[in-house]
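K.L.:
Below is the file start33.cif, which contains mmCIF, C-alpha atoms.
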```
data_my_file
loop_
_atom_site.group_PDB
_atom_site.id
_atom_site.type_symbol
_atom_site.label_atom_id
_atom_site.label_comp_id
_atom_site.auth_asym_id
_atom_site.auth_seq_id
_atom_site.Cartn_x
_atom_site.Cartn_y
_atom_site.Cartn_z
ATOM 1 C CA MET B 1 -93.471 39.890 67.965
ATOM 2 C CA SER B 2 -95.759 42.870 67.379
ATOM 3 C CA GLN B 3 -94.840 46.452 66.730
ATOM 4 C CA ILE B 4 -96.296 48.423 69.639
ATOM 5 C CA ILE B 5 -96.823 52.110 68.839
ATOM 6 C CA LEU B 6 -97.465 54.134 71.963
ATOM 7 C CA ASP B 7 -99.325 57.352 71.209
ATOM 8 C CA MET B 8 -97.831 59.822 73.664
ATOM 9 C CA GLY B 9 -100.293 62.530 72.699
ATOM 10 C CA SER B 10 -99.717 66.230 72.182
ATOM 11 C CA GLY B 11 -99.167 69.054 74.646
ATOM 12 C CA ASN B 12 -102.062 67.813 76.770
ATOM 13 C CA THR B 13 -100.653 64.462 77.817
ATOM 14 C CA CYS B 14 -97.081 65.447 78.627
ATOM 15 C CA LYS B 15 -98.161 68.850 79.958
ATOM 16 C CA ASN B 16 -95.673 70.371 77.483
ATOM 17 C CA SER B 17 -92.957 69.439 79.964
ATOM 18 C CA VAL B 18 -89.662 67.867 78.959
ATOM 19 C CA ASP B 19 -89.402 66.240 82.383
ATOM 20 C CA TYR B 20 -92.887 64.753 82.154
ATOM 21 C CA ALA B 21 -92.371 63.482 78.600
ATOM 22 C CA CYS B 22 -89.147 61.789 79.699
ATOM 23 C CA LYS B 23 -90.948 60.397 82.746
ATOM 24 C CA MET B 24 -93.470 58.768 80.399
ATOM 25 C CA ILE B 25 -90.661 57.204 78.389
ATOM 26 C CA ASP B 26 -88.899 56.012 81.541
ATOM 27 C CA ALA B 27 -92.121 54.370 82.759
ATOM 28 C CA VAL B 28 -92.244 52.306 79.575
ATOM 29 C CA ALA B 29 -88.549 51.414 79.666
ATOM 30 C CA ALA B 30 -88.925 50.219 83.271
ATOM 31 C CA ILE B 31 -91.451 47.519 82.304
ATOM 32 C CA ASP B 32 -90.272 46.624 78.802
ATOM 33 C CA ALA B 33 -89.086 43.024 78.467
ATOM 34 C CA HIS B 34 -88.275 43.621 74.779
ATOM 35 C CA LYS B 35 -90.541 40.893 73.487
ATOM 36 C CA HIS B 36 -92.153 43.436 71.150
ATOM 37 C CA GLU B 37 -90.789 46.414 69.243
ATOM 38 C CA VAL B 38 -91.921 49.537 71.086
ATOM 39 C CA ILE B 39 -92.045 52.867 69.227
ATOM 40 C CA PHE B 40 -93.018 56.207 70.750
ATOM 41 C CA LYS B 41 -95.293 58.413 68.661
ATOM 42 C CA PHE B 42 -96.259 61.962 69.548
ATOM 43 C CA GLN B 43 -98.689 64.323 67.786
ATOM 44 C CA LEU B 44 -97.470 67.468 66.043
ATOM 45 C CA PHE B 45 -99.804 70.185 64.802
ATOM 46 C CA LYS B 46 -100.358 73.913 64.867
ATOM 47 C CA ASP B 47 -104.084 73.952 65.587
ATOM 48 C CA GLU B 48 -106.245 70.924 66.441
ATOM 49 C CA PRO B 49 -108.585 71.985 69.267
ATOM 50 C CA PRO B 50 -109.316 70.935 71.955
ATOM 51 C CA ASN B 51 -105.788 69.525 71.963
ATOM 52 C CA LYS B 52 -102.809 71.715 72.781
ATOM 53 C CA PRO B 53 -99.876 71.871 70.350
ATOM 54 C CA LEU B 54 -96.766 70.034 71.488
ATOM 55 C CA ASP B 55 -93.788 72.315 72.022
ATOM 56 C CA HIS B 56 -91.059 71.408 69.535
ATOM 57 C CA LEU B 57 -88.420 71.594 72.254
ATOM 58 C CA VAL B 58 -90.333 68.983 74.237
ATOM 59 C CA PHE B 59 -90.465 66.666 71.231
ATOM 60 C CA ALA B 60 -86.757 67.124 70.480
ATOM 61 C CA ASN B 61 -85.736 66.328 74.044
ATOM 62 C CA ALA B 62 -88.107 63.369 74.313
ATOM 63 C CA TYR B 63 -86.733 62.050 71.015
ATOM 64 C CA LYS B 64 -83.169 62.339 72.334
ATOM 65 C CA HIS B 65 -84.019 60.678 75.633
ATOM 66 C CA ALA B 66 -85.796 57.780 73.947
ATOM 67 C CA LYS B 67 -82.884 57.285 71.557
ATOM 68 C CA GLU B 68 -80.462 57.121 74.485
ATOM 69 C CA LEU B 69 -82.595 54.300 75.884
ATOM 70 C CA GLY B 70 -82.627 52.474 72.550
ATOM 71 C CA TYR B 71 -86.096 53.465 71.333
ATOM 72 C CA LYS B 72 -87.320 54.975 68.081
ATOM 73 C CA THR B 73 -89.621 57.996 68.130
ATOM 74 C CA THR B 74 -91.872 59.577 65.529
ATOM 75 C CA SER B 75 -95.096 61.559 65.314
ATOM 76 C CA SER B 76 -98.413 61.997 63.646
ATOM 77 C CA VAL B 77 -98.467 65.214 61.641
ATOM 78 C CA PHE B 78 -101.488 67.341 60.813
ATOM 79 C CA ASP B 79 -99.994 70.123 58.664
ATOM 80 C CA LYS B 80 -97.016 70.881 56.417
ATOM 81 C CA ALA B 81 -95.101 72.890 59.024
ATOM 82 C CA SER B 82 -95.289 69.997 61.484
ATOM 83 C CA LEU B 83 -94.201 67.544 58.798
ATOM 84 C CA ASP B 84 -91.230 69.735 57.900
ATOM 85 C CA PHE B 85 -90.198 69.838 61.548
ATOM 86 C CA LEU B 86 -90.508 66.066 61.961
ATOM 87 C CA LEU B 87 -88.427 65.405 58.848
ATOM 88 C CA GLN B 88 -85.445 66.963 60.618
ATOM 89 C CA PHE B 89 -85.284 63.747 62.650
ATOM 90 C CA GLU B 90 -84.522 60.178 61.671
ATOM 91 C CA VAL B 91 -87.879 58.481 62.120
ATOM 92 C CA PRO B 92 -89.071 54.897 61.554
ATOM 93 C CA PHE B 93 -92.159 56.216 59.748
ATOM 94 C CA VAL B 94 -94.397 59.255 59.466
ATOM 95 C CA LYS B 95 -97.968 58.858 60.700
ATOM 96 C CA ILE B 96 -100.883 60.588 58.987
ATOM 97 C CA ALA B 97 -103.895 60.844 61.275
ATOM 98 C CA CYS B 98 -107.419 59.730 60.386
ATOM 99 C CA ARG B 99 -108.324 63.084 58.829
ATOM 100 C CA PRO B 100 -109.122 62.896 55.083
ATOM 101 C CA ARG B 101 -108.613 66.665 54.867
ATOM 102 C CA ILE B 102 -104.876 66.159 55.512
ATOM 103 C CA TYR B 103 -104.288 63.126 53.291
ATOM 104 C CA TRP B 104 -102.692 65.477 50.773
ATOM 105 C CA LEU B 105 -99.650 65.411 53.074
ATOM 106 C CA LEU B 106 -98.909 61.948 51.701
ATOM 107 C CA GLY B 107 -97.489 63.613 48.618
ATOM 108 C CA GLU B 108 -95.144 65.760 50.699
ATOM 109 C CA ILE B 109 -93.322 62.867 52.383
ATOM 110 C CA PRO B 110 -90.070 61.680 50.737
ATOM 111 C CA ARG B 111 -90.531 58.249 49.181
ATOM 112 C CA LYS B 112 -87.698 56.697 51.195
ATOM 113 C CA ILE B 113 -89.607 57.259 54.457
ATOM 114 C CA PRO B 114 -92.295 54.704 55.397
ATOM 115 C CA VAL B 115 -95.786 56.108 55.950
ATOM 116 C CA TYR B 116 -98.544 54.843 58.238
ATOM 117 C CA LEU B 117 -101.989 56.134 57.304
ATOM 118 C CA SER B 118 -104.937 55.944 59.684
ATOM 119 C CA TRP B 119 -108.106 55.194 57.736
ATOM 120 C CA ASP B 120 -111.674 54.584 58.897
ATOM 121 C CA GLY B 121 -112.783 52.489 55.911
ATOM 122 C CA LYS B 122 -115.688 54.776 55.041
ATOM 123 C CA ASP B 123 -114.208 56.219 51.875
ATOM 124 C CA ALA B 124 -111.691 54.906 49.385
ATOM 125 C CA ALA B 125 -108.206 55.213 50.816
ATOM 126 C CA PRO B 126 -105.730 57.173 48.697
ATOM 127 C CA GLY B 127 -103.427 55.067 46.589
ATOM 128 C CA GLY B 128 -99.782 54.689 47.395
ATOM 129 C CA ASP B 129 -97.166 52.573 49.114
ATOM 130 C CA TYR B 130 -97.998 52.957 52.781
ATOM 131 C CA VAL B 131 -99.168 50.950 55.769
ATOM 132 C CA ARG B 132 -102.925 51.296 56.067
ATOM 133 C CA MET B 133 -103.829 51.377 59.759
ATOM 134 C CA PHE B 134 -107.529 50.852 60.425
ATOM 135 C CA CYS B 135 -108.884 53.403 62.872
ATOM 136 C CA VAL B 136 -112.223 54.108 64.530
ATOM 137 C CA PRO B 137 -112.097 57.821 65.427
ATOM 138 C CA ASN B 138 -114.362 57.492 68.456
ATOM 139 C CA TYR B 139 -113.065 57.839 72.009
ATOM 140 C CA PRO B 140 -113.571 55.276 73.358
ATOM 141 C CA ALA B 141 -114.593 52.931 70.529
ATOM 142 C CA GLN B 142 -116.176 49.492 70.767
ATOM 143 C CA ILE B 143 -114.482 46.382 69.427
ATOM 144 C CA SER B 144 -117.596 45.776 67.327
ATOM 145 C CA ASP B 145 -116.946 49.112 65.590
ATOM 146 C CA TYR B 146 -113.856 47.562 63.999
ATOM 147 C CA GLY B 147 -115.795 44.763 62.287
ATOM 148 C CA ASP B 148 -113.617 42.433 60.223
ATOM 149 C CA TRP B 149 -110.898 45.078 60.114
ATOM 150 C CA VAL B 150 -109.964 44.050 63.645
ATOM 151 C CA LYS B 151 -108.232 41.070 62.027
ATOM 152 C CA GLY B 152 -106.121 43.360 59.868
ATOM 153 C CA PRO B 153 -102.351 43.722 60.150
ATOM 154 C CA ALA B 154 -102.392 47.268 61.554
ATOM 155 C CA ILE B 155 -104.883 48.655 64.075
ATOM 156 C CA SER B 156 -105.155 52.005 65.827
ATOM 157 C CA ASP B 157 -106.934 50.803 68.952
ATOM 158 C CA HIS B 158 -109.294 53.291 70.592
ATOM 159 C CA THR B 159 -111.174 50.684 72.630
ATOM 160 C CA GLU B 160 -110.956 50.464 76.408
ATOM 161 C CA GLY B 161 -108.327 48.233 77.957
ATOM 162 C CA LEU B 162 -106.534 45.379 76.226
ATOM 163 C CA LYS B 163 -109.373 43.167 75.008
ATOM 164 C CA LEU B 164 -108.707 43.883 71.338
ATOM 165 C CA PHE B 165 -104.978 43.195 71.583
ATOM 166 C CA LYS B 166 -105.366 40.071 73.692
ATOM 167 C CA LYS B 167 -107.915 38.597 71.286
ATOM 168 C CA TRP B 168 -106.333 39.496 67.945
ATOM 169 C CA ALA B 169 -102.692 40.504 68.645
ATOM 170 C CA PRO B 170 -102.337 42.601 65.473
ATOM 171 C CA PRO B 171 -98.783 42.743 64.084
ATOM 172 C CA ILE B 172 -98.927 46.553 64.299
ATOM 173 C CA TRP B 173 -100.876 47.916 67.265
ATOM 174 C CA GLU B 174 -101.215 51.577 68.213
ATOM 175 C CA LYS B 175 -102.529 52.586 71.631
ATOM 176 C CA HIS B 176 -102.691 55.838 73.579
ATOM 177 C CA PHE B 177 -100.474 55.868 76.667
ATOM 178 C CA ILE B 178 -100.839 57.983 79.810
ATOM 179 C CA LEU B 179 -99.344 57.990 83.282
ATOM 180 C CA GLU B 180 -102.413 59.219 85.106
ATOM 181 C CA ASP B 181 -106.053 60.105 84.607
ATOM 182 C CA ASP B 182 -106.659 63.774 83.860
ATOM 183 C CA PRO B 183 -110.177 65.072 83.101
ATOM 184 C CA THR B 184 -108.676 68.051 81.228
ATOM 185 C CA ASN B 185 -106.858 65.783 78.765
ATOM 186 C CA PRO B 186 -108.928 64.549 75.766
ATOM 187 C CA ASP B 187 -106.545 61.579 75.508
ATOM 188 C CA CYS B 188 -107.846 60.267 78.843
ATOM 189 C CA ALA B 189 -111.334 59.480 77.540
ATOM 190 C CA GLY B 190 -111.110 55.782 78.392
ATOM 191 C CA HIS B 191 -109.113 54.583 75.395
ATOM 192 C CA ALA B 192 -105.649 55.177 76.860
ATOM 193 C CA ILE B 193 -103.738 52.707 79.007
ATOM 194 C CA LYS B 194 -101.429 53.274 81.949
ATOM 195 C CA PRO B 195 -98.227 51.397 82.839
ATOM 196 C CA ASP B 196 -99.998 48.671 84.804
ATOM 197 C CA LEU B 197 -101.972 47.543 81.746
ATOM 198 C CA LEU B 198 -99.137 48.121 79.301
ATOM 199 C CA LYS B 199 -96.997 45.793 81.384
ATOM 200 C CA GLU B 200 -99.375 42.960 80.456
ATOM 201 C CA VAL B 201 -98.358 43.507 76.823
ATOM 202 C CA ILE B 202 -94.664 44.358 76.966
ATOM 203 C CA GLY B 203 -93.607 43.100 80.400
ATOM 204 C CA ALA B 204 -91.895 39.828 81.246
#
```
Just dump the structure as structure tokens.
P.N.:
Amino acid sequence: MSQIILDMGSGNTCKNSVDYACKMIDAVAAIDAHKHEVIFKFQLFKDEPPNKPLDHLVFANAYKHAKELGYKTTSSVFDKASLDFLLQFEVPFVKIACRPRIYWLLGEIPRKIPVYLSWDGKDAAPGGDYVRMFCVPNYPAQISDYGDWVKGPAISDHTEGLKLFKKWAPPIWEKHFILEDDPTNPDCAGHAIKPDLLKEVIGA
């Protein structure tokens, strides 16, 4: 069993709509055979252009809806205000994005809460008790960009399709999820998967 982290994006992907965010969750629940642990992960920030901030009301309602269906939900955070908001919820972990300029947030997270840190391997990763998730911050990335790290226990997969997962099946696998292609959404740059492909991973 792998832990499948579905990156649900920010305000771009769910159109800052409670209904659309819940529709995304429902699409996953409809195909989930529960052979892996599926966790929903949004992105919370105040200012990360060209992405649009996710409305906190949308996150709160999506969190509630997912919980009612038996799923855990969390988020990547990019600033202290977003972290403070996320810590109001019971989360399986806090995700720190692959941005060295925000790694200082590691020190702001209570020790009892697990932390997943995206890291590109170019510089020394900060010390601490956290899950190091190897990440190639290119959209889309090539499997060759991951080098030997592709065999690691935790991968943030920005490659196209499912080739990386099908070949290596990392124990912790993060992948962007969308319902439809949208040229205005940066998270639709080829690295995200739709329900038909996700079903090959989590379906019966």
K.L.:
Could you spell out the hits of the PyMOL selection byres ((chain B and resi 43) around 7) on the shown file, as a list of chain:residue names?
P.N.:
B:Gly9, B:Ser10, B:Lys41, B:Phe42, B:Leu44, B:Phe45, B:Ser75, B:Ser76, B:Val77
K.L.:
Near B:Glu160, within 7 Å and counting only C-alpha atoms, which residues show up once chain neighbours fewer than 5 positions away are dropped, as a list in words?
P.N.:
Pro140, Gly190 and His191 of chain B
K.L.:
Would you mind exporting C-alpha atoms of the selected residues as a compact mmCIF listing (two decimals), keeping the file's coordinate frame?
P.N.:
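In the end it all went to part-v7.txt:
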```
# COMPACT_ATOMS: atom_id res chain seq x y z
CA PRO B 140 -113.57 55.28 73.36
CA GLY B 190 -111.11 55.78 78.39
CA HIS B 191 -109.11 54.58 75.40
```
K.L.:
Could you state which residues are captured by the PyMOL selection byres ((chain B and resi 60-72) around 7) in this file, as a count of residues only?
P.N.:
14
K.L.:
Quick one: pull the distance between atom CA of B:Pro195 and atom CA of B:Ala27, Å, one decimal.
P.N.:
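Separation of atom CA of B:Pro195 and atom CA of B:Ala27: 6.8 Å.
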K.L.:
Name the residues that the PyMOL selection byres ((chain B and resi 128-131) around 6) picks from the file above, as a list in words, using the file's chain letters and numbers.
P.N.:
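On the file shown, the PyMOL selection byres ((chain B and resi 128-131) around 6) covers Val115, Tyr116, Gly127 and Arg132 of chain B.
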K.L.:
Just the selected residues (C-alpha atoms), exported as a tab-separated table (two decimals), in the frame of the given file, please.
P.N.:
```tsv
chain	number	residue	atom	x	y	z
B	115	VAL	CA	-95.79	56.11	55.95
B	116	TYR	CA	-98.54	54.84	58.24
B	127	GLY	CA	-103.43	55.07	46.59
B	132	ARG	CA	-102.92	51.30	56.07
```
K.L.:
In Å, rounded to a single decimal, give me how far atom CA of B:Ile5 is from atom CA of B:Asn51.
P.N.:
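Taking atom CA of B:Asn51 as the start and atom CA of B:Ile5 as the end point, the length is 19.8 Å.
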K.L.:
Quick one: of B:Trp149, B:Arg111, B:Pro53, B:Phe85, who's nearest to B:Lys15, counting all atoms listed in the file?
P.N.:
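Among the listed residues, B:Pro53 lies closest to B:Lys15.
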K.L.:
Would you kindly return, as a list in words, each protein, DNA or RNA residue with an atom no farther than 10 Å from any atom of B:Arg101, considering all atoms listed in the file and excluding same-chain residues fewer than 4 positions away?
P.N.:
Phe78, Ala97 and Leu105 of chain B
K.L.:
Return the single residue from B:Ile178, B:Ile113, B:Ala189, B:Ile202 that is closest to B:Asp7, with distances computed using all atoms listed in the file.
P.N.:
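Counting all atoms listed in the file, the residue closest to B:Asp7 is B:Ile178.
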K.L.:
Just to confirm, what's the straight-line distance from atom CA of B:Trp119 to atom CA of B:Met8 in Å (one decimal)?
P.N.:
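Atom CA of B:Met8 lies at a distance of 19.5 Å from atom CA of B:Trp119.
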K.L.:
For B:Val136, which residue among B:Pro114, B:Glu174, B:Lys166, B:Ala81 is the nearest when counting all atoms listed in the file?
P.N.:
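The closest residue to B:Val136 is B:Glu174.
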K.L.:
Can you work out which one of B:His34, B:Lys199, B:Lys23, B:Lys52 has the shortest atom-to-atom distance to B:Glu180, counting only C-alpha atoms?
P.N.:
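Going through B:His34, B:Lys199, B:Lys23, B:Lys52 one by one, the smallest distance to B:Glu180 is for B:Lys23.
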K.L.:
Give as a list in words each residue that has an atom at most 7 Å from (-92.0, 48.2, 67.3) in the file, counting all atoms listed in the file.
P.N.:
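Output: Ser2, Gln3, Ile4, Ile5, His36, Glu37, Val38 and Ile39 of chain B.
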K.L.:
Ranking B:Met133, B:Ala154, B:Leu6, B:Ile102 by minimum distance to B:Val28 and counting all atoms listed in the file, which one comes first?
P.N.:
B:Leu6
